[in-house]
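**Q** Input structure: query26.cif, which contains mmCIF, C-alpha atoms; chains and numbers go by the auth columns.
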```
data_protein
#
loop_
_atom_site.group_PDB
_atom_site.id
_atom_site.type_symbol
_atom_site.label_atom_id
_atom_site.label_comp_id
_atom_site.label_asym_id
_atom_site.label_seq_id
_atom_site.Cartn_x
_atom_site.Cartn_y
_atom_site.Cartn_z
_atom_site.B_iso_or_equiv
_atom_site.auth_seq_id
_atom_site.auth_asym_id
ATOM 1 C CA MET A 1 0.000 0.000 0.000 0.00 1373 A
ATOM 2 C CA ASN A 2 1.294 3.449 -0.884 0.00 1374 A
ATOM 3 C CA ARG A 3 1.037 6.226 1.629 0.00 1375 A
ATOM 4 C CA GLN A 4 1.950 9.746 0.668 0.00 1376 A
ATOM 5 C CA ASN A 5 4.966 11.292 2.285 0.00 1377 A
ATOM 6 C CA TYR A 6 5.256 15.056 2.479 0.00 1378 A
ATOM 7 C CA MET A 7 7.723 17.768 3.411 0.00 1379 A
ATOM 8 C CA LYS A 8 7.774 21.550 3.152 0.00 1380 A
ATOM 9 C CA VAL A 9 10.517 24.071 3.792 0.00 1381 A
ATOM 10 C CA GLU A 10 10.422 27.848 3.637 0.00 1382 A
ATOM 11 C CA PHE A 11 13.339 30.235 3.468 0.00 1383 A
ATOM 12 C CA THR A 12 14.328 33.801 2.626 0.00 1384 A
ATOM 13 C CA SER A 13 14.709 34.516 -1.086 0.00 1385 A
ATOM 14 C CA ARG A 14 18.484 34.860 -0.990 0.00 1386 A
ATOM 15 C CA SER A 15 20.796 33.273 -3.505 0.00 1387 A
ATOM 16 C CA GLU A 16 22.756 31.607 -0.666 0.00 1388 A
ATOM 17 C CA ASN A 17 19.673 29.402 -0.150 0.00 1389 A
ATOM 18 C CA GLU A 18 19.621 27.932 -3.672 0.00 1390 A
ATOM 19 C CA ALA A 19 22.027 25.182 -2.621 0.00 1391 A
ATOM 20 C CA PHE A 20 19.998 24.543 0.553 0.00 1392 A
ATOM 21 C CA ALA A 21 16.765 24.140 -1.466 0.00 1393 A
ATOM 22 C CA ARG A 22 18.144 21.580 -3.907 0.00 1394 A
ATOM 23 C CA VAL A 23 19.923 19.624 -1.171 0.00 1395 A
ATOM 24 C CA ALA A 24 16.750 19.557 0.980 0.00 1396 A
ATOM 25 C CA VAL A 25 14.640 18.166 -1.874 0.00 1397 A
ATOM 26 C CA SER A 26 17.253 15.676 -3.027 0.00 1398 A
ATOM 27 C CA ALA A 27 17.740 14.423 0.557 0.00 1399 A
ATOM 28 C CA PHE A 28 13.975 13.867 0.856 0.00 1400 A
ATOM 29 C CA ILE A 29 13.615 11.963 -2.431 0.00 1401 A
ATOM 30 C CA THR A 30 16.615 9.756 -1.678 0.00 1402 A
ATOM 31 C CA GLN A 31 14.136 7.352 -0.026 0.00 1403 A
ATOM 32 C CA LEU A 32 12.817 6.538 -3.533 0.00 1404 A
ATOM 33 C CA ASP A 33 16.288 5.262 -4.375 0.00 1405 A
ATOM 34 C CA PRO A 34 16.758 7.427 -7.478 0.00 1406 A
ATOM 35 C CA THR A 35 19.699 6.929 -9.812 0.00 1407 A
ATOM 36 C CA LEU A 36 22.479 9.499 -9.680 0.00 1408 A
ATOM 37 C CA GLU A 37 21.231 10.934 -12.976 0.00 1409 A
ATOM 38 C CA GLU A 38 17.645 11.250 -11.701 0.00 1410 A
ATOM 39 C CA LEU A 39 18.909 12.981 -8.561 0.00 1411 A
ATOM 40 C CA GLU A 40 20.951 15.444 -10.652 0.00 1412 A
ATOM 41 C CA ASP A 41 17.873 16.146 -12.786 0.00 1413 A
ATOM 42 C CA VAL A 42 15.791 17.033 -9.729 0.00 1414 A
ATOM 43 C CA LYS A 43 18.548 19.187 -8.227 0.00 1415 A
ATOM 44 C CA THR A 44 18.892 21.107 -11.488 0.00 1416 A
ATOM 45 C CA ALA A 45 15.127 21.643 -11.847 0.00 1417 A
ATOM 46 C CA VAL A 46 14.731 22.827 -8.224 0.00 1418 A
ATOM 47 C CA SER A 47 17.716 25.138 -8.611 0.00 1419 A
ATOM 48 C CA GLU A 48 16.167 26.702 -11.728 0.00 1420 A
ATOM 49 C CA ALA A 49 12.764 27.240 -10.092 0.00 1421 A
ATOM 50 C CA VAL A 50 14.228 28.735 -6.894 0.00 1422 A
ATOM 51 C CA THR A 51 16.592 30.981 -8.879 0.00 1423 A
ATOM 52 C CA ASN A 52 13.608 32.273 -10.899 0.00 1424 A
ATOM 53 C CA ALA A 53 11.730 33.063 -7.679 0.00 1425 A
ATOM 54 C CA ILE A 54 14.721 35.012 -6.331 0.00 1426 A
ATOM 55 C CA ILE A 55 15.645 36.944 -9.477 0.00 1427 A
ATOM 56 C CA HIS A 56 12.268 37.426 -11.128 0.00 1428 A
ATOM 57 C CA GLY A 57 9.647 36.798 -8.414 0.00 1429 A
ATOM 58 C CA TYR A 58 11.218 38.959 -5.720 0.00 1430 A
ATOM 59 C CA GLU A 59 13.732 40.807 -7.927 0.00 1431 A
ATOM 60 C CA ASN A 60 16.438 40.265 -5.293 0.00 1432 A
ATOM 61 C CA GLU A 61 14.357 41.809 -2.487 0.00 1433 A
ATOM 62 C CA ASP A 62 13.790 39.661 0.614 0.00 1434 A
ATOM 63 C CA GLY A 63 10.659 37.521 0.398 0.00 1435 A
ATOM 64 C CA VAL A 64 9.747 33.964 1.358 0.00 1436 A
ATOM 65 C CA ILE A 65 10.061 30.941 -0.927 0.00 1437 A
ATOM 66 C CA TYR A 66 8.118 27.763 -0.121 0.00 1438 A
ATOM 67 C CA VAL A 67 9.403 24.452 -1.446 0.00 1439 A
ATOM 68 C CA ALA A 68 7.250 21.370 -0.898 0.00 1440 A
ATOM 69 C CA CYS A 69 7.626 17.783 -2.024 0.00 1441 A
ATOM 70 C CA THR A 70 5.066 14.974 -1.980 0.00 1442 A
ATOM 71 C CA LEU A 71 6.079 11.379 -2.629 0.00 1443 A
ATOM 72 C CA ASN A 72 3.409 9.036 -3.906 0.00 1444 A
ATOM 73 C CA GLY A 73 4.679 5.617 -4.913 0.00 1445 A
ATOM 74 C CA GLN A 74 7.676 6.234 -7.162 0.00 1446 A
ATOM 75 C CA THR A 75 6.523 9.733 -8.124 0.00 1447 A
ATOM 76 C CA ALA A 76 7.726 12.972 -6.580 0.00 1448 A
ATOM 77 C CA SER A 77 5.701 16.146 -6.949 0.00 1449 A
ATOM 78 C CA ILE A 78 7.657 19.302 -6.152 0.00 1450 A
ATOM 79 C CA THR A 79 6.238 22.808 -5.809 0.00 1451 A
ATOM 80 C CA VAL A 80 8.214 26.030 -5.637 0.00 1452 A
ATOM 81 C CA GLU A 81 6.051 28.962 -4.589 0.00 1453 A
ATOM 82 C CA ASP A 82 6.751 32.670 -4.232 0.00 1454 A
ATOM 83 C CA HIS A 83 4.533 35.625 -3.399 0.00 1455 A
ATOM 84 C CA GLY A 84 6.454 37.984 -5.636 0.00 1456 A
ATOM 85 C CA LYS A 85 5.510 39.960 -8.711 0.00 1457 A
ATOM 86 C CA GLY A 86 4.319 37.115 -10.939 0.00 1458 A
ATOM 87 C CA ILE A 87 5.079 36.514 -14.616 0.00 1459 A
ATOM 88 C CA PRO A 88 3.338 38.879 -17.067 0.00 1460 A
ATOM 89 C CA ASP A 89 3.593 36.488 -20.043 0.00 1461 A
ATOM 90 C CA VAL A 90 4.195 32.824 -19.115 0.00 1462 A
ATOM 91 C CA LYS A 91 4.270 31.602 -22.714 0.00 1463 A
ATOM 92 C CA LEU A 92 7.028 34.055 -23.578 0.00 1464 A
ATOM 93 C CA ALA A 93 8.920 33.322 -20.339 0.00 1465 A
ATOM 94 C CA MET A 94 8.946 29.602 -21.160 0.00 1466 A
ATOM 95 C CA GLU A 95 10.455 30.050 -24.613 0.00 1467 A
ATOM 96 C CA PRO A 96 14.018 28.699 -24.775 0.00 1468 A
ATOM 97 C CA LEU A 97 16.649 31.469 -24.622 0.00 1469 A
ATOM 98 C CA TYR A 98 14.113 34.142 -23.657 0.00 1470 A
ATOM 99 C CA THR A 99 15.226 36.218 -20.687 0.00 1471 A
ATOM 100 C CA SER A 100 13.708 39.370 -19.269 0.00 1472 A
ATOM 101 C CA LYS A 101 17.084 40.189 -17.699 0.00 1473 A
ATOM 102 C CA PRO A 102 19.787 39.870 -20.374 0.00 1474 A
ATOM 103 C CA GLU A 103 21.957 42.366 -18.461 0.00 1475 A
ATOM 104 C CA LEU A 104 22.397 39.720 -15.736 0.00 1476 A
ATOM 105 C CA GLU A 105 23.880 37.206 -18.210 0.00 1477 A
ATOM 106 C CA ARG A 106 20.918 34.890 -17.744 0.00 1478 A
ATOM 107 C CA SER A 107 20.783 32.160 -20.370 0.00 1479 A
ATOM 108 C CA GLY A 108 16.990 32.015 -20.644 0.00 1480 A
ATOM 109 C CA MET A 109 17.119 28.231 -20.273 0.00 1481 A
ATOM 110 C CA GLY A 110 15.563 27.850 -16.820 0.00 1482 A
ATOM 111 C CA PHE A 111 12.093 26.633 -17.820 0.00 1483 A
ATOM 112 C CA THR A 112 13.557 24.499 -20.627 0.00 1484 A
ATOM 113 C CA MET A 113 15.778 22.759 -18.057 0.00 1485 A
ATOM 114 C CA MET A 114 12.777 22.109 -15.788 0.00 1486 A
ATOM 115 C CA GLN A 115 10.741 20.744 -18.721 0.00 1487 A
ATOM 116 C CA THR A 116 13.559 18.523 -19.930 0.00 1488 A
ATOM 117 C CA PHE A 117 14.683 17.089 -16.608 0.00 1489 A
ATOM 118 C CA MET A 118 11.249 16.533 -15.084 0.00 1490 A
ATOM 119 C CA ASP A 119 8.257 14.562 -16.461 0.00 1491 A
ATOM 120 C CA SER A 120 5.789 17.423 -16.132 0.00 1492 A
ATOM 121 C CA LEU A 121 5.874 21.154 -15.463 0.00 1493 A
ATOM 122 C CA ASP A 122 2.986 23.442 -14.565 0.00 1494 A
ATOM 123 C CA VAL A 123 3.280 27.175 -13.935 0.00 1495 A
ATOM 124 C CA GLN A 124 0.500 29.084 -12.174 0.00 1496 A
ATOM 125 C CA THR A 125 1.083 32.799 -11.888 0.00 1497 A
ATOM 126 C CA THR A 126 -0.897 35.904 -11.022 0.00 1498 A
ATOM 127 C CA PHE A 127 0.654 39.218 -11.893 0.00 1499 A
ATOM 128 C CA GLY A 128 1.384 41.080 -8.667 0.00 1500 A
ATOM 129 C CA LYS A 129 0.616 38.047 -6.464 0.00 1501 A
ATOM 130 C CA GLY A 130 3.221 35.410 -7.188 0.00 1502 A
ATOM 131 C CA THR A 131 4.069 32.193 -8.967 0.00 1503 A
ATOM 132 C CA THR A 132 3.767 28.496 -8.179 0.00 1504 A
ATOM 133 C CA VAL A 133 5.761 26.007 -10.221 0.00 1505 A
ATOM 134 C CA THR A 134 4.753 22.345 -9.913 0.00 1506 A
ATOM 135 C CA MET A 135 7.004 19.621 -11.308 0.00 1507 A
ATOM 136 C CA THR A 136 6.648 15.853 -11.151 0.00 1508 A
ATOM 137 C CA LYS A 137 9.046 13.035 -11.834 0.00 1509 A
ATOM 138 C CA THR A 138 8.609 9.272 -11.615 0.00 1510 A
ATOM 139 C CA PHE A 139 11.717 7.327 -10.651 0.00 1511 A
ATOM 140 C CA GLN A 140 12.553 4.137 -12.482 0.00 1512 A
ATOM 141 C CA SER A 141 14.251 2.340 -9.638 0.00 1513 A
ATOM 142 C CA SER A 142 12.265 0.637 -6.869 0.00 1514 A
ATOM 143 C CA PRO A 143 12.944 1.062 -3.188 0.00 1515 A
ATOM 144 C CA ALA A 144 14.324 -2.092 -1.624 0.00 1516 A
ATOM 145 C CA ASP A 145 11.544 -2.190 0.987 0.00 1517 A
ATOM 146 C CA LEU A 146 8.559 -2.166 -1.405 0.00 1518 A
ATOM 147 C CA MET B 1 32.843 27.017 -5.212 0.00 779 B
ATOM 148 C CA ASN B 2 36.436 27.840 -6.019 0.00 780 B
ATOM 149 C CA VAL B 3 37.974 29.177 -9.243 0.00 781 B
ATOM 150 C CA GLN B 4 41.634 28.632 -10.158 0.00 782 B
ATOM 151 C CA CYS B 5 43.068 30.428 -13.183 0.00 783 B
ATOM 152 C CA ARG B 6 46.423 29.949 -14.871 0.00 784 B
ATOM 153 C CA ARG B 7 47.913 31.236 -18.081 0.00 785 B
ATOM 154 C CA GLU B 8 49.299 28.933 -20.716 0.00 786 B
ATOM 155 C CA GLY B 9 50.424 30.654 -23.907 0.00 787 B
ATOM 156 C CA LEU B 10 47.551 32.819 -25.060 0.00 788 B
ATOM 157 C CA CYS B 11 45.058 30.820 -22.978 0.00 789 B
ATOM 158 C CA LEU B 12 43.517 31.382 -19.602 0.00 790 B
ATOM 159 C CA ILE B 13 42.788 27.961 -18.144 0.00 791 B
ATOM 160 C CA VAL B 14 39.880 28.204 -15.710 0.00 792 B
ATOM 161 C CA SER B 15 39.301 25.313 -13.297 0.00 793 B
ATOM 162 C CA ILE B 16 36.093 25.452 -11.303 0.00 794 B
ATOM 163 C CA THR B 17 35.625 23.332 -8.175 0.00 795 B
ATOM 164 C CA GLY B 18 32.270 22.756 -6.442 0.00 796 B
ATOM 165 C CA GLU B 19 28.826 24.029 -7.386 0.00 797 B
ATOM 166 C CA LEU B 20 28.080 26.659 -10.028 0.00 798 B
ATOM 167 C CA ASP B 21 24.641 28.227 -9.560 0.00 799 B
ATOM 168 C CA HIS B 22 23.187 31.746 -9.615 0.00 800 B
ATOM 169 C CA HIS B 23 24.749 32.484 -6.216 0.00 801 B
ATOM 170 C CA THR B 24 28.286 31.302 -6.949 0.00 802 B
ATOM 171 C CA CYS B 25 28.294 32.557 -10.568 0.00 803 B
ATOM 172 C CA GLU B 26 28.549 36.151 -9.346 0.00 804 B
ATOM 173 C CA SER B 27 31.982 35.691 -7.800 0.00 805 B
ATOM 174 C CA ALA B 28 33.139 33.243 -10.493 0.00 806 B
ATOM 175 C CA ARG B 29 32.383 35.897 -13.119 0.00 807 B
ATOM 176 C CA HIS B 30 34.443 38.539 -11.320 0.00 808 B
ATOM 177 C CA ILE B 31 37.406 36.224 -10.751 0.00 809 B
ATOM 178 C CA ILE B 32 37.494 35.017 -14.374 0.00 810 B
ATOM 179 C CA ASP B 33 37.075 38.503 -15.875 0.00 811 B
ATOM 180 C CA ASP B 34 39.765 39.988 -13.609 0.00 812 B
ATOM 181 C CA GLU B 35 42.224 37.205 -14.451 0.00 813 B
ATOM 182 C CA TYR B 36 41.395 37.387 -18.173 0.00 814 B
ATOM 183 C CA ASN B 37 42.084 41.135 -18.235 0.00 815 B
ATOM 184 C CA GLN B 38 45.107 41.121 -15.914 0.00 816 B
ATOM 185 C CA GLN B 39 46.840 38.182 -17.557 0.00 817 B
ATOM 186 C CA GLY B 40 46.180 39.531 -21.042 0.00 818 B
ATOM 187 C CA ALA B 41 44.861 36.197 -22.297 0.00 819 B
ATOM 188 C CA LEU B 42 43.027 35.731 -25.578 0.00 820 B
ATOM 189 C CA HIS B 43 41.389 32.292 -25.335 0.00 821 B
ATOM 190 C CA ILE B 44 39.623 30.660 -22.391 0.00 822 B
ATOM 191 C CA ILE B 45 39.703 26.931 -21.653 0.00 823 B
ATOM 192 C CA PHE B 46 37.236 25.773 -18.981 0.00 824 B
ATOM 193 C CA ASP B 47 38.218 22.714 -16.950 0.00 825 B
ATOM 194 C CA PHE B 48 35.103 21.131 -15.393 0.00 826 B
ATOM 195 C CA HIS B 49 36.961 18.154 -13.924 0.00 827 B
ATOM 196 C CA LYS B 50 36.110 19.117 -10.336 0.00 828 B
ATOM 197 C CA ILE B 51 32.649 20.604 -10.760 0.00 829 B
ATOM 198 C CA ASP B 52 29.872 18.972 -8.731 0.00 830 B
ATOM 199 C CA PHE B 53 26.818 20.846 -9.971 0.00 831 B
ATOM 200 C CA MET B 54 25.803 23.362 -12.619 0.00 832 B
ATOM 201 C CA ASP B 55 22.459 24.825 -13.648 0.00 833 B
ATOM 202 C CA SER B 56 21.519 27.313 -16.382 0.00 834 B
ATOM 203 C CA SER B 57 23.333 30.083 -14.509 0.00 835 B
ATOM 204 C CA GLY B 58 26.556 28.365 -15.572 0.00 836 B
ATOM 205 C CA ILE B 59 25.415 28.515 -19.201 0.00 837 B
ATOM 206 C CA GLY B 60 24.960 32.277 -18.811 0.00 838 B
ATOM 207 C CA LEU B 61 28.450 32.527 -17.314 0.00 839 B
ATOM 208 C CA ILE B 62 30.053 30.586 -20.192 0.00 840 B
ATOM 209 C CA MET B 63 28.101 32.564 -22.822 0.00 841 B
ATOM 210 C CA GLY B 64 29.167 35.850 -21.231 0.00 842 B
ATOM 211 C CA ARG B 65 32.844 34.849 -21.286 0.00 843 B
ATOM 212 C CA TYR B 66 32.452 33.674 -24.903 0.00 844 B
ATOM 213 C CA LYS B 67 31.077 37.082 -25.878 0.00 845 B
ATOM 214 C CA LYS B 68 34.042 38.831 -24.226 0.00 846 B
ATOM 215 C CA ALA B 69 36.660 36.561 -25.771 0.00 847 B
ATOM 216 C CA SER B 70 35.144 36.583 -29.248 0.00 848 B
ATOM 217 C CA LEU B 71 35.179 40.394 -29.299 0.00 849 B
ATOM 218 C CA LEU B 72 38.980 40.089 -29.158 0.00 850 B
ATOM 219 C CA GLY B 73 39.065 37.207 -31.613 0.00 851 B
ATOM 220 C CA GLY B 74 39.546 34.572 -28.884 0.00 852 B
ATOM 221 C CA GLN B 75 37.950 31.159 -28.535 0.00 853 B
ATOM 222 C CA VAL B 76 36.364 29.349 -25.602 0.00 854 B
ATOM 223 C CA ILE B 77 36.816 25.584 -25.226 0.00 855 B
ATOM 224 C CA LEU B 78 35.066 23.326 -22.700 0.00 856 B
ATOM 225 C CA THR B 79 36.913 20.325 -21.244 0.00 857 B
ATOM 226 C CA HIS B 80 36.316 17.434 -18.817 0.00 858 B
ATOM 227 C CA ILE B 81 32.575 17.415 -19.461 0.00 859 B
ATOM 228 C CA SER B 82 30.581 14.931 -17.363 0.00 860 B
ATOM 229 C CA PRO B 83 27.487 13.236 -18.868 0.00 861 B
ATOM 230 C CA GLN B 84 25.222 15.558 -16.822 0.00 862 B
ATOM 231 C CA LEU B 85 27.064 18.680 -18.025 0.00 863 B
ATOM 232 C CA ASP B 86 26.964 17.321 -21.564 0.00 864 B
ATOM 233 C CA ARG B 87 23.151 17.132 -21.399 0.00 865 B
ATOM 234 C CA ILE B 88 22.898 20.729 -20.153 0.00 866 B
ATOM 235 C CA PHE B 89 25.329 22.017 -22.785 0.00 867 B
ATOM 236 C CA SER B 90 23.614 20.143 -25.621 0.00 868 B
ATOM 237 C CA LEU B 91 20.187 21.342 -24.481 0.00 869 B
ATOM 238 C CA SER B 92 21.230 24.976 -24.472 0.00 870 B
ATOM 239 C CA GLY B 93 22.891 24.798 -27.884 0.00 871 B
ATOM 240 C CA LEU B 94 26.340 25.744 -26.529 0.00 872 B
ATOM 241 C CA TYR B 95 28.101 23.322 -28.876 0.00 873 B
ATOM 242 C CA LYS B 96 26.829 25.280 -31.872 0.00 874 B
ATOM 243 C CA ILE B 97 29.270 28.050 -31.010 0.00 875 B
ATOM 244 C CA LEU B 98 31.813 26.464 -28.630 0.00 876 B
ATOM 245 C CA LYS B 99 34.201 23.545 -29.033 0.00 877 B
ATOM 246 C CA LYS B 100 34.699 20.801 -26.489 0.00 878 B
ATOM 247 C CA ALA B 101 37.731 18.648 -25.786 0.00 879 B
ATOM 248 C CA PRO B 102 38.386 15.711 -23.456 0.00 880 B
ATOM 249 C CA ASP B 103 41.248 17.444 -21.619 0.00 881 B
ATOM 250 C CA ILE B 104 43.474 20.558 -21.540 0.00 882 B
ATOM 251 C CA PRO B 105 46.249 19.276 -23.878 0.00 883 B
ATOM 252 C CA SER B 106 43.737 18.379 -26.583 0.00 884 B
ATOM 253 C CA ALA B 107 41.986 21.746 -26.096 0.00 885 B
ATOM 254 C CA LEU B 108 45.324 23.533 -26.562 0.00 886 B
ATOM 255 C CA GLY B 109 45.797 21.462 -29.720 0.00 887 B
ATOM 256 C CA LEU B 110 42.567 22.844 -31.142 0.00 888 B
ATOM 257 C CA LEU B 111 43.804 26.433 -31.020 0.00 889 B
#
```
Using structure tokens, write down the structure from this file.
**A**
Amino acid sequence: MNRQNYMKVEFTSRSENEAFARVAVSAFITQLDPTLEELEDVKTAVSEAVTNAIIHGYENEDGVIYVACTLNGQTASITVEDHGKGIPDVKLAMEPLYTSKPELERSGMGFTMMQTFMDSLDVQTTFGKGTTVTMTKTFQSSPADL
Amino acid sequence: MNVQCRREGLCLIVSITGELDHHTCESARHIIDDEYNQQGALHIIFDFHKIDFMDSSGIGLIMGRYKKASLLGGQVILTHISPQLDRIFSLSGLYKILKKAPDIPSALGLL
């Protein structure tokens, strides 16, 4: 029988916390016994989402970022939520190589990375209220104690 | 994250240790640009042998250094690319404009 397992962390929107966010999520999903490659994929996707929240959501002002992860069977669902300014045009923002901040040497590949390394990506945003990114990934390997 | 730079001929060889994300890219950028200017190098060879993590911020960093070097007629070559880095580089189209090499000697041979 599968029971959901859940965790949530919140932290200040500072770039120092990007490493903390990806390590927290990857430590939690380790119980699904992911391959090294799957773990790297999740770390990259979380890093991209949290970086977006810091740079674009809060525009480097202090705010709070909420990262949650739910495990259901072999599937992890990860949300990264900010209460920042929101994305005016999600379709444009998700285009590969598009960046609203070229002066910061951003590559414009953040959403493309999330889409490529995770199985699904959903972006809910309200201009002036914030953004919630939800990503899921199903891990191929089985935990030993299934 | 730690950046070591050394000059070899016209090349600045940049070895990055640890994790390259939005946070650490800021200081990496300053170190590399300062060394590139001070040492009067033309080309840049990145050595990713000791890198543990990179996200799209690293792509922005590499692209920015490429733009600087190419203004002077220099090249940027990527070496010691792990399978995970290879996926990120391929995805972002970096190989359309930058060369890769297995190690530093073969990168120097490409110049």
**Q** Can you list what the PyMOL selection byres ((chain B) within 9 of (chain A)) grabs from this structure, as a PyMOL selection string?
**A** chain B and resi 797+799-802+831-839+841-842+861-862+866+869-870
**Q** On this structure, which residues satisfy the PyMOL selection byres ((chain A and resi 1401-1406) around 9), written as a PyMOL selection string?
**A** chain A and resi 1396-1400+1407-1411+1441+1443+1445-1448+1511-1516
**Q** Any chance you could resolve the PyMOL selection byres ((chain B and resi 853) around 12) against this file and give the residues as a PyMOL selection string?
**A** chain B and resi 788-791+819-824+840-841+843-852+854-856+875-878+885-886+888-889
**Q** At what distance in Å, to one decimal, does atom CA of Ile1450 of chain A lie from atom CA of Asn1377 of chain A?
**A** 11.9 Å
**Q** Please list, as a PyMOL selection string, the residues that have an atom at most 12 Å away from (36.0, 39.3, -11.9) in the coordinates of this file, counting only C-alpha atoms.
**A** chain B and resi 781+783+803-816+839+843
**Q** All heavy atoms are needed for segment 801-808 of chain B; please write them out as a PDB file, in the coordinates of the input.
**A**
```pdb
ATOM      1  N   HIS B 801      24.033  31.865  -7.334  1.00  0.00           N
ATOM      2  CA  HIS B 801      24.749  32.484  -6.216  1.00  0.00           C
ATOM      3  C   HIS B 801      26.259  32.519  -6.454  1.00  0.00           C
ATOM      4  O   HIS B 801      26.899  33.561  -6.322  1.00  0.00           O
ATOM      5  CB  HIS B 801      24.434  31.723  -4.922  1.00  0.00           C
ATOM      6  CG  HIS B 801      25.153  32.277  -3.731  1.00  0.00           C
ATOM      7  ND1 HIS B 801      24.892  33.535  -3.229  1.00  0.00           N
ATOM      8  CD2 HIS B 801      26.139  31.762  -2.956  1.00  0.00           C
ATOM      9  CE1 HIS B 801      25.677  33.761  -2.197  1.00  0.00           C
ATOM     10  NE2 HIS B 801      26.449  32.710  -2.002  1.00  0.00           N
ATOM     11  N   THR B 802      26.827  31.370  -6.823  1.00  0.00           N
ATOM     12  CA  THR B 802      28.286  31.302  -6.949  1.00  0.00           C
ATOM     13  C   THR B 802      28.787  31.883  -8.272  1.00  0.00           C
ATOM     14  O   THR B 802      29.962  32.231  -8.388  1.00  0.00           O
ATOM     15  CB  THR B 802      28.780  29.845  -6.802  1.00  0.00           C
ATOM     16  OG1 THR B 802      28.117  29.023  -7.761  1.00  0.00           O
ATOM     17  CG2 THR B 802      28.491  29.304  -5.410  1.00  0.00           C
ATOM     18  N   CYS B 803      27.885  31.992  -9.269  1.00  0.00           N
ATOM     19  CA  CYS B 803      28.294  32.557 -10.568  1.00  0.00           C
ATOM     20  C   CYS B 803      28.781  34.000 -10.448  1.00  0.00           C
ATOM     21  O   CYS B 803      29.665  34.414 -11.188  1.00  0.00           O
ATOM     22  CB  CYS B 803      27.132  32.515 -11.568  1.00  0.00           C
ATOM     23  SG  CYS B 803      27.184  31.073 -12.634  1.00  0.00           S
ATOM     24  N   GLU B 804      28.176  34.740  -9.517  1.00  0.00           N
ATOM     25  CA  GLU B 804      28.549  36.151  -9.346  1.00  0.00           C
ATOM     26  C   GLU B 804      30.054  36.293  -9.104  1.00  0.00           C
ATOM     27  O   GLU B 804      30.736  37.054  -9.788  1.00  0.00           O
ATOM     28  CB  GLU B 804      27.793  36.752  -8.152  1.00  0.00           C
ATOM     29  CG  GLU B 804      26.290  36.779  -8.317  1.00  0.00           C
ATOM     30  CD  GLU B 804      25.810  37.933  -9.186  1.00  0.00           C
ATOM     31  OE1 GLU B 804      26.389  39.022  -9.068  1.00  0.00           O
ATOM     32  OE2 GLU B 804      24.890  37.724  -9.991  1.00  0.00           O
ATOM     33  N   SER B 805      30.560  35.544  -8.111  1.00  0.00           N
ATOM     34  CA  SER B 805      31.982  35.691  -7.800  1.00  0.00           C
ATOM     35  C   SER B 805      32.847  35.020  -8.860  1.00  0.00           C
ATOM     36  O   SER B 805      33.927  35.513  -9.182  1.00  0.00           O
ATOM     37  CB  SER B 805      32.300  35.165  -6.399  1.00  0.00           C
ATOM     38  OG  SER B 805      31.927  33.826  -6.277  1.00  0.00           O
ATOM     39  N   ALA B 806      32.370  33.910  -9.435  1.00  0.00           N
ATOM     40  CA  ALA B 806      33.139  33.243 -10.493  1.00  0.00           C
ATOM     41  C   ALA B 806      33.360  34.206 -11.664  1.00  0.00           C
ATOM     42  O   ALA B 806      34.462  34.299 -12.209  1.00  0.00           O
ATOM     43  CB  ALA B 806      32.404  31.989 -10.969  1.00  0.00           C
ATOM     44  N   ARG B 807      32.305  34.950 -12.009  1.00  0.00           N
ATOM     45  CA  ARG B 807      32.383  35.897 -13.119  1.00  0.00           C
ATOM     46  C   ARG B 807      33.461  36.949 -12.856  1.00  0.00           C
ATOM     47  O   ARG B 807      34.287  37.234 -13.726  1.00  0.00           O
ATOM     48  CB  ARG B 807      31.015  36.559 -13.296  1.00  0.00           C
ATOM     49  CG  ARG B 807      30.958  37.604 -14.397  1.00  0.00           C
ATOM     50  CD  ARG B 807      29.566  38.193 -14.526  1.00  0.00           C
ATOM     51  NE  ARG B 807      28.582  37.160 -14.824  1.00  0.00           N
ATOM     52  CZ  ARG B 807      27.508  36.900 -14.086  1.00  0.00           C
ATOM     53  NH1 ARG B 807      27.260  37.584 -12.996  1.00  0.00           N
ATOM     54  NH2 ARG B 807      26.678  35.945 -14.444  1.00  0.00           N
ATOM     55  N   HIS B 808      33.462  37.503 -11.642  1.00  0.00           N
ATOM     56  CA  HIS B 808      34.443  38.539 -11.320  1.00  0.00           C
ATOM     57  C   HIS B 808      35.873  37.999 -11.358  1.00  0.00           C
ATOM     58  O   HIS B 808      36.759  38.641 -11.899  1.00  0.00           O
ATOM     59  CB  HIS B 808      34.143  39.148  -9.940  1.00  0.00           C
ATOM     60  CG  HIS B 808      32.945  40.041  -9.969  1.00  0.00           C
ATOM     61  ND1 HIS B 808      31.876  39.873  -9.125  1.00  0.00           N
ATOM     62  CD2 HIS B 808      32.637  41.084 -10.771  1.00  0.00           C
ATOM     63  CE1 HIS B 808      30.965  40.808  -9.404  1.00  0.00           C
ATOM     64  NE2 HIS B 808      31.402  41.544 -10.399  1.00  0.00           N
TER      65      HIS B 808
END
```
